Amino acid sequence: MKRRAGEREKELKKKKLLEQLGENRLPYMTPADADFHHLWKTKYSKLIFRKSDAVPEELHQMVQEGFLTLREHNCFFQDLVRIKEKDFITPVSRILIGKPGCTYKYLNTRLFTVPWPTEGYDIKYCSPQIHDACKALIRLNEYLHIEAIKALQGQNLPETKEIKDSTVTDREQNFGVSLQEKGSVSKDQSSSVPEDDYGSLKQRTSFNLTLLNYMDPLQMLYLKQEPYFGMGNMAVSWHHDENLVERSTVAVYSYSCEGPAMEGSNDQKLKGRDPAVWHVGLKVAWDIETPGLAIPLHQGDFYLMLDDLNMTHQHCVLAGFPPRFSSTHRVADCSRGTLDYIFGQCELALQNLQTDPDSRALSLKSLETAVIKQVEEIHNEVEFEWLRQFWFQGKRYLKCTDWWLNPMAKLEEFWRKMEIMTSLVLSEVRKKERIGEQRNEAISCFLIALTERQKLRQVWAARKRSVDLSGDAEGRERRPRLSFTSAWPPSERCQSQAAENLPEDQKPECHPFWTDEDCNMPLPYDLEDIIADLQNLVQWVE
Ligand code: 640
Ligand code: NI
């Protein structure tokens with residue numbers, strides 16, 4: 001949970017820039033600007049946009065109905081994320097849908113997929129409509145996967161001047177910038193991966209999940225103003241997407257619930273983006289020379305962020321007037337984020353536990369430092385990356401399916417055994433017999449893991465308390481509309497108003513939690529005394 005050294009520097013740089021700007025704003029362009037296409041082609045060439053009529057009507061219908069179903073069933077939730085030791089509630093509500101057993105961690109919050117229908121899995125949904133919604137999203141996923149491959153092929157092969165594709169109709173639809181034209185690669189974005197074979201293209205576009213977003217601006221009392229360009233209300237502030245496979249594509253389908261003809265609210269043409277229309281904003285990271293870009297998003301449009309665009313650029317979501325859904329398809333880096341992975345880890349840890357066939361007594365096979373270290377680290381991983389992450393989000397996952405309950409119960413069972421393992425290590429190292437170098441080393445390693453556990457248990461307990469007290473950690477909902485200042489949001493968060501507590505099914509749970517009276521647990525929740533005791537032990541031996 002320590003802030004990385006670079007973080008502070010970035011923070012300062014940002015603050016300085018905003019101070020320098022004062023009332024001034026950096027320039028940005030919309031399709032109404034003459035140089036818009038040139039800017040796009042030269043500085044934002046890895047952003048691909050497709051108008052809604054490129055997408056099959058049948059797919060639009062399925063997907064949009066799916067969104068509405070999920071909203072009707074209250075499946076969207078605001079996340080309590082944590083940035084630099086502070087909690088924030090996202091104004092946008094989300095739900096993660098994807099491969100069974102997959103998770104996506106962003107801003108210190110691990111989201112668990114509602115599994116989409118997958119061969120070989122028997123998934124029970126809470127209603128047939130929710131099944132249909134997940135089915136629609138996997139169909140959209142397949143469609144966007146193909147579109148992403150086509151777009152990448154178009155970028156990488158300048159000689160491929162025409163891609164015979166019925167879905168890409170005319171140039172006007174794409175603001176006159178067709179993907180073919182972008183074959184002429186500018187110097188700022190070198191040709192991504194010239195000798196990439198189809199396999200790698202496929203890997204970087206094989207979306208394993210989609211993070212769905214929903215926001216109705218009318219329900220929001222306060223939205224942050226975009227600070228650098230003056231782009232207006234933001235639904236999601238400037239960021240890079242986290243936890244993705246390197247150079248993988250992000251594909252975003254946008255569904256704003258606008259009336260039939262909302263094109264170009266006449267009194268536009270003044271300057272800047274139309275505040276009624278949703279936009280995605282883009283800027284080059286750490287660059288104040290290149291103008292920003294605001295791309296209007298109408299009902300059913302989609303865009304792709306290809307290759308390293310997410311690294312070289314930042315994006316934000318600019319709110320319009322109508323409610324809006326989006327489905328953001330990603331190749332999440334699941335190397336440590338799948339059920340298979342964490343079960344494998346648990347199995348590895350529990351290999352060090354043995355049961356005496358006669359007495360049924362439990363004991364550890366090895367007391368080697370490396371083994372203890374590994375087991376205790378896995379213990380922390382399953383406790384903090386899985387159990388506490390899951391239960392902190394309350395019972396929200398039950399809205400769509402009970403799929404995660406069974407694996408979570410299993411993980412908790414494994415974790416309980418690991419609590420026993422920790423207590424066994426503890427009684428071993430307390431034995432006075434084996435004094436010496438090795439014992440000291442083992443205790444030191446053990447101590448590091450326990451200290452981490454204690455620290456993280458305190459963080460999670462504190463997070464829950466702060467939610468119980470304030471309901472809305474950032475205070476967005478309750479605050480009056482204020483003009484943006486660099487002092488907003490206030491660093492001092494209001495924790496005294498016990499207003500607007502989350503509904504019962506969203507209340508964060510600090511689980512597992514137990515008190516000293518709970519005889520079923522081999523060790524206390526609070527490890528302070530044990531840690532102090534071990535610290536003494538290490539000193540003694542030295
Ligand atoms: O067109 C769209 O709907 C785009 C959506 C989008 O850009 N989603 N990005 C993310 O979900 C995301 C992924 N990794 C890290 C952060 C985010 C978004 C994000 C950024 C800031 C915040 C605050 C308001 C809590 C600071 C939340 C979420
Ligand atoms: Ni994003």
# chains A, B, ... in the order shown; residues from 1 in each chain; ligands from 1
$ residues_around --residues "A:Ile48" --least-positions-apart "4" --cutoff "8 Å" --atoms "only C-alpha atoms" --output "MDAnalysis selection string"
chainID A and resid 151 179 303:306
$ closest_atom_pairs --of "chain A" --to "ligand 1" --cutoff "6 Å" --atoms "only C-alpha atoms and all ligand atoms" --output "JSON lines"
{"residue": "A:Phe88", "atom": "CA", "partner": "ligand 1", "partner_atom_place_in_ligand_line": "25 (C)", "distance": 5.4}
{"residue": "A:Thr90", "atom": "CA", "partner": "ligand 1", "partner_atom_place_in_ligand_line": "25 (C)", "distance": 4.8}
{"residue": "A:Tyr106", "atom": "CA", "partner": "ligand 1", "partner_atom_place_in_ligand_line": "14 (N)", "distance": 5.0}
{"residue": "A:Leu107", "atom": "CA", "partner": "ligand 1", "partner_atom_place_in_ligand_line": "15 (C)", "distance": 5.9}
{"residue": "A:Val236", "atom": "CA", "partner": "ligand 1", "partner_atom_place_in_ligand_line": "20 (C)", "distance": 5.4}
{"residue": "A:Ser237", "atom": "CA", "partner": "ligand 1", "partner_atom_place_in_ligand_line": "21 (C)", "distance": 5.2}
{"residue": "A:His239", "atom": "CA", "partner": "ligand 1", "partner_atom_place_in_ligand_line": "20 (C)", "distance": 5.5}
{"residue": "A:His240", "atom": "CA", "partner": "ligand 1", "partner_atom_place_in_ligand_line": "15 (C)", "distance": 5.9}
{"residue": "A:Asp241", "atom": "CA", "partner": "ligand 1", "partner_atom_place_in_ligand_line": "14 (N)", "distance": 3.4}
{"residue": "A:Glu242", "atom": "CA", "partner": "ligand 1", "partner_atom_place_in_ligand_line": "14 (N)", "distance": 4.0}
{"residue": "A:Val252", "atom": "CA", "partner": "ligand 1", "partner_atom_place_in_ligand_line": "1 (O)", "distance": 5.8}
{"residue": "A:Val280", "atom": "CA", "partner": "ligand 1", "partner_atom_place_in_ligand_line": "1 (O)", "distance": 5.8}
{"residue": "A:Cys316", "atom": "CA", "partner": "ligand 1", "partner_atom_place_in_ligand_line": "7 (O)", "distance": 5.9}
{"residue": "A:Val317", "atom": "CA", "partner": "ligand 1", "partner_atom_place_in_ligand_line": "1 (O)", "distance": 5.7}
{"residue": "A:Ser326", "atom": "CA", "partner": "ligand 1", "partner_atom_place_in_ligand_line": "3 (O)", "distance": 4.9}
$ write_last_selection --atoms "N, CA, C and O atoms" --output "compact mmCIF listing (two decimals), in the first residue's frame"
# COMPACT_ATOMS: atom_id res chain seq x y z
N PHE A 88 -12.54 6.28 -2.69
CA PHE A 88 -13.41 7.07 -3.57
C PHE A 88 -14.55 6.18 -4.02
O PHE A 88 -14.37 4.99 -4.22
N THR A 90 -16.93 5.58 -7.17
CA THR A 90 -16.97 5.97 -8.58
C THR A 90 -18.36 6.49 -8.90
O THR A 90 -19.35 5.88 -8.51
N TYR A 106 -8.73 -3.10 -10.70
CA TYR A 106 -8.40 -1.72 -11.04
C TYR A 106 -8.55 -0.88 -9.78
O TYR A 106 -9.43 -1.11 -8.96
N LEU A 107 -7.65 0.08 -9.63
CA LEU A 107 -7.65 0.98 -8.49
C LEU A 107 -7.84 0.23 -7.16
O LEU A 107 -8.70 0.56 -6.35
N VAL A 236 -15.77 10.00 -15.96
CA VAL A 236 -14.55 9.30 -15.53
C VAL A 236 -13.38 10.24 -15.83
O VAL A 236 -13.23 10.70 -16.96
N SER A 237 -12.59 10.52 -14.83
CA SER A 237 -11.49 11.47 -15.03
C SER A 237 -10.32 10.82 -15.78
O SER A 237 -10.31 9.63 -16.03
N HIS A 239 -7.19 9.01 -17.11
CA HIS A 239 -6.50 7.83 -16.58
C HIS A 239 -5.94 6.97 -17.71
O HIS A 239 -6.27 7.16 -18.87
N HIS A 240 -5.09 6.05 -17.33
CA HIS A 240 -4.72 4.92 -18.17
C HIS A 240 -5.48 3.72 -17.62
O HIS A 240 -5.63 3.60 -16.41
N ASP A 241 -5.93 2.84 -18.49
CA ASP A 241 -6.55 1.62 -17.98
C ASP A 241 -5.47 0.72 -17.38
O ASP A 241 -4.37 0.62 -17.91
N GLU A 242 -5.83 0.10 -16.26
CA GLU A 242 -4.86 -0.72 -15.53
C GLU A 242 -5.04 -2.20 -15.82
O GLU A 242 -6.11 -2.64 -16.23
N VAL A 252 -14.64 -0.32 -26.94
CA VAL A 252 -15.73 0.27 -26.15
C VAL A 252 -16.96 0.51 -27.01
O VAL A 252 -16.92 1.27 -27.99
N VAL A 280 -15.66 10.72 -25.63
CA VAL A 280 -14.45 10.21 -25.00
C VAL A 280 -13.38 11.27 -25.26
O VAL A 280 -13.26 11.79 -26.38
N CYS A 316 -10.48 10.05 -20.92
CA CYS A 316 -11.49 10.32 -19.90
C CYS A 316 -12.85 10.20 -20.57
O CYS A 316 -12.94 10.12 -21.79
N VAL A 317 -13.90 10.15 -19.76
CA VAL A 317 -15.23 10.08 -20.32
C VAL A 317 -15.98 11.35 -19.95
O VAL A 317 -16.08 11.68 -18.76
N SER A 326 -21.89 1.77 -21.28
CA SER A 326 -20.82 1.36 -22.18
C SER A 326 -20.36 -0.04 -21.80
O SER A 326 -20.49 -0.46 -20.65
$ atom_distance --atom1 "atom CA of A:Gly344" --atom2 "atom CA of A:Asn520"
25.9 Å
$ residues_around --residues "A:Ser93" --least-positions-apart "4" --cutoff "9 Å" --atoms "only C-alpha atoms" --output "MDAnalysis selection string"
chainID A and resid 75:79 212:215
$ write_last_selection --atoms "C-alpha atoms" --output "compact mmCIF listing (two decimals), in the first residue's frame"
# COMPACT_ATOMS: atom_id res chain seq x y z
CA CYS A 75 -26.86 -5.23 -11.36
CA PHE A 76 -24.78 -2.05 -11.67
CA PHE A 77 -22.85 -0.88 -8.64
CA GLN A 78 -20.68 2.04 -7.77
CA ASP A 79 -17.25 0.83 -6.71
CA LEU A 212 -19.88 -2.40 -18.18
CA ASN A 213 -20.48 1.18 -17.12
CA TYR A 214 -23.69 3.01 -16.44
CA MET A 215 -24.36 6.56 -15.39
$ closest_residue --among "A:Arg71, A:Lys202, A:Ala285, A:Ala276" --to "A:Lys10" --atoms "only C-alpha atoms"
A:Ala285
$ residues_around --residues "A:Ala332" --least-positions-apart "3" --cutoff "12 Å" --atoms "only C-alpha atoms" --output "PyMOL selection string"
chain A and resi 96-99+102-106+110-113+203-211+241-250+328-329+335-338
$ atom_distance --atom1 "atom CA of A:Val55" --atom2 "atom CA of A:Leu201"
21.7 Å
$ atom_distance --atom1 "atom CA of A:Asp468" --atom2 "atom CA of A:Asp402"
25.3 Å
$ residues_around --residues "A:Pro296" --least-positions-apart "4" --cutoff "7 Å" --atoms "only C-alpha atoms" --output "MDAnalysis selection string"
chainID A and resid 277:280
$ residues_around --residues "stretch 370-378 of chain A" --least-positions-apart "3" --cutoff "9 Å" --atoms "only C-alpha atoms" --output "list of chain:residue names"
A:Ile342, A:Gln345, A:Cys346, A:Leu348, A:Ala349, A:Leu350, A:Asn352, A:Ser366, A:Leu367, A:Glu381, A:Val382, A:Glu383, A:Met418, A:Met421, A:Thr422, A:Val425, A:Ala442, A:Cys445, A:Phe446, A:Ile448, A:Ala449, A:Leu450
$ select_by_dssp --residues "stretch 38-82 of chain A" --states "strand (DSSP E)" --output "list of chain:residue names"
A:Leu47, A:Ile48, A:Phe49, A:Arg50, A:Phe77, A:Gln78, A:Asp79, A:Leu80, A:Val81, A:Arg82
$ write_last_selection --atoms "N, CA, C and O atoms" --output "CSV table (one decimal), in the first residue's frame"
chain,number,residue,atom,x,y,z
A,47,LEU,N,-6.3,5.4,-32.3
A,47,LEU,CA,-7.7,5.4,-31.9
A,47,LEU,C,-8.6,5.2,-33.1
A,47,LEU,O,-8.5,5.9,-34.1
A,48,ILE,N,-9.4,4.2,-33.0
A,48,ILE,CA,-10.3,3.9,-34.1
A,48,ILE,C,-11.7,4.1,-33.7
A,48,ILE,O,-12.1,3.8,-32.6
A,49,PHE,N,-12.5,4.8,-34.6
A,49,PHE,CA,-13.9,5.0,-34.3
A,49,PHE,C,-14.8,4.4,-35.3
A,49,PHE,O,-14.5,4.5,-36.5
A,50,ARG,N,-15.9,3.9,-34.9
A,50,ARG,CA,-16.9,3.4,-35.9
A,50,ARG,C,-18.3,3.9,-35.5
A,50,ARG,O,-18.7,3.7,-34.3
A,77,PHE,N,-23.2,-1.4,-9.9
A,77,PHE,CA,-22.9,-0.9,-8.6
A,77,PHE,C,-21.7,0.1,-8.7
A,77,PHE,O,-20.8,0.0,-9.5
A,78,GLN,N,-21.8,1.1,-7.9
A,78,GLN,CA,-20.7,2.0,-7.8
A,78,GLN,C,-19.6,1.3,-7.0
A,78,GLN,O,-19.9,0.7,-6.0
A,79,ASP,N,-18.4,1.5,-7.4
A,79,ASP,CA,-17.3,0.8,-6.7
A,79,ASP,C,-16.6,1.8,-5.7
A,79,ASP,O,-16.6,3.0,-5.9
A,80,LEU,N,-16.2,1.1,-4.6
A,80,LEU,CA,-15.4,1.9,-3.6
A,80,LEU,C,-14.0,1.6,-3.9
A,80,LEU,O,-13.5,0.5,-3.5
A,81,VAL,N,-13.4,2.5,-4.6
A,81,VAL,CA,-12.0,2.2,-5.0
A,81,VAL,C,-11.0,2.9,-4.0
A,81,VAL,O,-11.5,3.8,-3.3
A,82,ARG,N,-9.8,2.6,-4.1
A,82,ARG,CA,-8.8,3.2,-3.2
A,82,ARG,C,-7.6,3.7,-4.0
A,82,ARG,O,-7.0,2.9,-4.7
$ select_by_dssp --residues "stretch 14-173 of chain A" --states "alpha helix (DSSP H)" --output "count of residues only"
61
$ closest_residue --among "A:Glu11, A:Arg416, A:Tyr44, A:Asp533" --to "A:Asp307" --atoms "only C-alpha atoms"
A:Tyr44
$ closest_residue --among "A:Ala133, A:Leu218, A:Leu424, A:Ala235" --to "A:Lys365" --atoms "only C-alpha atoms"
A:Leu424
$ closest_residue --among "A:Gly281, A:Gly6, A:Pro357, A:Pro508" --to "ligand 2" --atoms "only C-alpha atoms and all ligand atoms"
A:Gly281
$ closest_residue --among "A:Arg330, A:Trp40, A:Ile443, A:Gly300" --to "ligand 2" --atoms "only C-alpha atoms and all ligand atoms"
A:Arg330
$ closest_residue --among "A:Tyr125, A:Trp404, A:Phe384, A:Trp391" --to "A:Val459" --atoms "only C-alpha atoms"
A:Phe384
